[in-house]
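J.: Right, I'll just put the structure down here and ask away after.
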Amino acid sequence: MNRISEGEIIKQCIEYFKQNPVWKRVFEGFREKYSSYGRFAGKVVLNNLSPQEIDELEGFFGKSFHGQKNVTVSAERFGRALEESRFKEVTPEALLEQYFGELMIGKQEQKALRNRKKQQIIREFIKDFDGTCAAEHVELILETVRDSERCSLEEWEKMLRLAARIYNQLPYRRNDNMYLAAFAAELTGNPHAFDRGTSGGTLFYKVIQADLEMRGVSVESSDIFPAYRRKKSCLETGIMLDDISNYAMVYNVRAINKDGSPHKGMEGFEAEHNIVQVPLAVITGWKKIQCRQDRIYIVENPSVFAMLCAKDGGSAERSYMCMNGQPRLAGLMALDLMAEAGNTAYYAGDMDPEGLLIAQKLGKYYKGELNYWHMEVSDYEKCMSHEKISPKRMKILENITDERLRPAARAIGECKMAGYQEMIDYEI
């Protein structure tokens, strides 16, 4: 009589245990225990067993579980039963490995194995990126993908290499600026790979923040205008977000390029006494903005801005800028360049809770001298409308702490009516 081979015995053993789903529950429990203990040990509790599952367990263990809904199977009991069966040549460890098609190793061994593979990945990474900025700052790149270690090592390596490519190719390294979509397409072939809310976008922003921290670059306005932290941070590395709608509206100003030469386009607009909307991409190439009489008059409303520019009539006595509501990044950058040139700012906005809050934020943000222009109680009385301010909006006034704006805030709090700057006669 031919002796059955070891391989055939294991095959028959697996076929037997796969006939009834109760064994999958048993083996999954022992696989989890093996991961914890590093060996076949522990107990598996089976709850809510069906009559058919009870019969199967009784047949294998040779023990009655009559009337029981829950059964506890210990590693010791299972090992004895397996040894007393026709599959006695099969060890519990071999059974688990063949059943699940994977090696049984404990958590400590899994961790050690992963670390060995990970170190090999890092060595190959350093070799492949030798001579680049990423290789010079390996720990920085590793930190950006630290939270991704729970994924597979294959996926982790992909993210590690992508982080290095992002870091190496940031446009500021070559004194350039790029739109985020173009940068993403260049690196991955997908213009949306680094969009906000995607895993790639999260990784991209982590690399940006790590680079800024390494260079000691601080985005100072983040506390005043937190919504623009991401845009400003990206711009510091040469990446532009939402540039099409991001512009500054100015009149009668001169711009000086980073190389010290005058911006000829702005010279032309100044000579023609025309209003110009300057995109963020253009502003990033400037060193400073010079204004008439070293003063810049800033208004919130576009119609007021247009009126003031028209009143100027080509006299070129004043420089104006329009914020058009909440400041855009381009507007904030223009303010930085105006402060750099030593200009004094005069800001006028709507006389309502939101208008005062914008004024206060700009007062804190501007790095030079900023005065509030036509934002006194008398101005509020002139521009007060019949529009009642809601209680929710009124609560914004609690945040007005600038003493120069407090009188107007108190007046608005008493009258509870919005005031609009279109109704104020701004003198020239």
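Labels used: A, B, ... for chains in the order of the structure tokens, numbers from 1 for residues in each chain, and numbers from 1 for ligands as shown.
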From a DSSP calculation on the backbone, collect every residue of region 136-333 of chain A in helix (DSSP H, G or I) and output the set as a ChimeraX atom specification.

T.: /A:136,138-144,146-148,153-168,171-174,180-188,199-215,220-223,226-235,264-272,280-283,292-294,302-312,329-333

J.: Can you tell me, as a PyMOL selection string, what residues are no more than 9 Å from Lys388 (chain A) when counting only C-alpha atoms, ignoring any on the same chain fewer than 2 positions away?

T.: chain A and resi 385-386+390+415-418

J.: Running DSSP on the backbone, which parts of region 340-402 of chain A land in strand (DSSP E), as a count of residues only?

T.: 13

J.: Looking at only C-alpha atoms, which of A:Ala306, A:Met338, A:Met321, A:Ile54 is the one that sits closest to Pro21 (chain A)?

T.: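 Using only C-alpha atoms, the shortest distance to Pro21 (chain A) belongs to A:Ile54.
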
J.: Leaving out Ser64 (chain A) and any residue of its chain fewer than 5 positions from it, which residues lie within 9 Å of it when counting only C-alpha atoms, given as a ChimeraX atom specification?

T.: /A:54-55,57-59

J.: How would the residues just picked look written out with N, CA and C atoms as a PDB file, in the first residue's frame?

T.:
ATOM      1  N   ILE A  54     -22.176  23.339  15.876  1.00  0.00           N
ATOM      2  CA  ILE A  54     -21.979  22.540  17.092  1.00  0.00           C
ATOM      3  C   ILE A  54     -21.675  21.095  16.725  1.00  0.00           C
ATOM      4  N   ASP A  55     -22.418  20.546  15.771  1.00  0.00           N
ATOM      5  CA  ASP A  55     -22.183  19.159  15.332  1.00  0.00           C
ATOM      6  C   ASP A  55     -20.778  18.992  14.788  1.00  0.00           C
ATOM      7  N   LEU A  57     -18.048  20.765  15.472  1.00  0.00           N
ATOM      8  CA  LEU A  57     -17.062  20.834  16.555  1.00  0.00           C
ATOM      9  C   LEU A  57     -17.060  19.553  17.386  1.00  0.00           C
ATOM     10  N   GLU A  58     -18.255  19.009  17.651  1.00  0.00           N
ATOM     11  CA  GLU A  58     -18.350  17.766  18.421  1.00  0.00           C
ATOM     12  C   GLU A  58     -17.676  16.618  17.693  1.00  0.00           C
ATOM     13  N   GLY A  59     -17.842  16.566  16.351  1.00  0.00           N
ATOM     14  CA  GLY A  59     -17.252  15.486  15.573  1.00  0.00           C
ATOM     15  C   GLY A  59     -15.740  15.520  15.610  1.00  0.00           C
TER      16      GLY A  59
END

J.: Could you pull the residues within 10 Å of Cys13 (chain A), counting only C-alpha atoms, minus those fewer than 2 positions along the same chain, as number ranges by chain?

T.: A: 7-11, 15-18, 82, 85-88, 90, 95, 98-99

J.: Identify which of the residues A:Asn252, A:Gly67, A:Leu103, A:Arg114 lies closest to Cys151 (chain A), counting only C-alpha atoms when measuring atom-to-atom distances.

T.: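 Comparing A:Asn252, A:Gly67, A:Leu103, A:Arg114 against Cys151 (chain A), the winner is A:Arg114.
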
J.: Sort by chain and increasing residue number a table of all residues of region 266-302 of chain A within 12 Å of region 349-359 of chain A, each with its closest pair of atoms and their distance in Å to one decimal, counting only C-alpha atoms, and write it as a Markdown table.

T.:
| residue | atom | partner | partner_atom | distance |
| --- | --- | --- | --- | --- |
| A:Tyr297 | CA | A:Gly349 | CA | 11.1 |
| A:Ile298 | CA | A:Gly349 | CA | 8.4 |
| A:Val299 | CA | A:Gly349 | CA | 5.8 |
| A:Glu300 | CA | A:Gly349 | CA | 4.9 |
| A:Asn301 | CA | A:Gly349 | CA | 7.2 |
| A:Pro302 | CA | A:Gly349 | CA | 10.9 |

J.: For the selection you just gave me, I'd like the residues written to a file as an mmCIF file, in the first residue's frame, keeping N, CA, C and O atoms.

T.:
data_model
loop_
_atom_site.group_PDB
_atom_site.id
_atom_site.type_symbol
_atom_site.label_atom_id
_atom_site.label_comp_id
_atom_site.auth_asym_id
_atom_site.auth_seq_id
_atom_site.Cartn_x
_atom_site.Cartn_y
_atom_site.Cartn_z
ATOM 1 N N TYR A 297 -3.828 105.027 -0.823
ATOM 2 C CA TYR A 297 -5.190 105.116 -0.312
ATOM 3 C C TYR A 297 -5.943 103.853 -0.751
ATOM 4 O O TYR A 297 -6.065 103.593 -1.959
ATOM 5 N N ILE A 298 -6.418 103.106 0.233
ATOM 6 C CA ILE A 298 -7.032 101.804 -0.040
ATOM 7 C C ILE A 298 -8.505 101.848 0.332
ATOM 8 O O ILE A 298 -8.853 102.312 1.428
ATOM 9 N N VAL A 299 -9.349 101.366 -0.560
ATOM 10 C CA VAL A 299 -10.783 101.295 -0.265
ATOM 11 C C VAL A 299 -11.256 99.854 -0.463
ATOM 12 O O VAL A 299 -10.648 99.071 -1.182
ATOM 13 N N GLU A 300 -12.358 99.548 0.181
ATOM 14 C CA GLU A 300 -12.905 98.193 0.107
ATOM 15 C C GLU A 300 -13.744 97.990 -1.152
ATOM 16 O O GLU A 300 -13.708 96.928 -1.767
ATOM 17 N N ASN A 301 -14.485 99.028 -1.559
ATOM 18 C CA ASN A 301 -15.492 98.878 -2.605
ATOM 19 C C ASN A 301 -14.975 99.275 -3.986
ATOM 20 O O ASN A 301 -14.406 100.350 -4.161
ATOM 21 N N PRO A 302 -15.189 98.446 -5.044
ATOM 22 C CA PRO A 302 -14.713 98.748 -6.394
ATOM 23 C C PRO A 302 -15.308 100.027 -6.983
ATOM 24 O O PRO A 302 -14.620 100.765 -7.700
#

J.: Can you pull out the residues contacting Ala134 (chain A)? Cut-off 12 Å, using only C-alpha atoms, and skip same-chain residues under 4 positions away; I want them as a list in words.

T.: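 Residues near the query, excluding close chain neighbours: Ile122, Phe125, Ile126, Lys127, Asp128, Phe129, Asp130, Val138, Glu139, Leu140, Ile141, Leu142, Glu143, Thr144, Leu160, Arg161, Leu162, Ala163, Ala164, Arg165, Ile166, Tyr167, Asn168, Gln169, Leu170, Val207, Ala210 and Asp211 of chain A.
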
J.: Considering only C-alpha atoms, state which residue in the set A:Lys392, A:Ile283, A:Arg295, A:Glu403 is at the smallest distance from Gly368 (chain A).

T.: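 Ranking A:Lys392, A:Ile283, A:Arg295, A:Glu403 by distance to Gly368 (chain A), first place goes to A:Arg295.
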
J.: Residues near region 38-43 of chain A, anyone? I mean within 6 Å using only C-alpha atoms, not counting same-chain ones fewer than 5 positions away, as a PyMOL selection string.

T.: chain A and resi 73-75+105-106

J.: Which neighbours of region 370-374 of chain A fall inside 7 Å, counting only C-alpha atoms, when residues of the same chain fewer than 4 positions from it are skipped, and could you give them as a ChimeraX atom specification?

T.: /A:344-348,363,366,379

J.: Please measure the separation of CA of Phe100 (chain A) and CA of Ser36 (chain A), giving the value in Å to one decimal.

T.: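 Separating CA of Phe100 (chain A) from CA of Ser36 (chain A) is a distance of 17.0 Å.
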
J.: In terms of the shortest atom-to-atom distance over only C-alpha atoms, which of A:Gln120, A:Asn70, A:Thr198, A:Gln421 is closest to Glu376 (chain A)?

T.: A:Gln421

J.: Quick one: distance from CA of Asn20 (chain A) to CA of Glu102 (chain A) in Å, one decimal?

T.: 20.7 Å
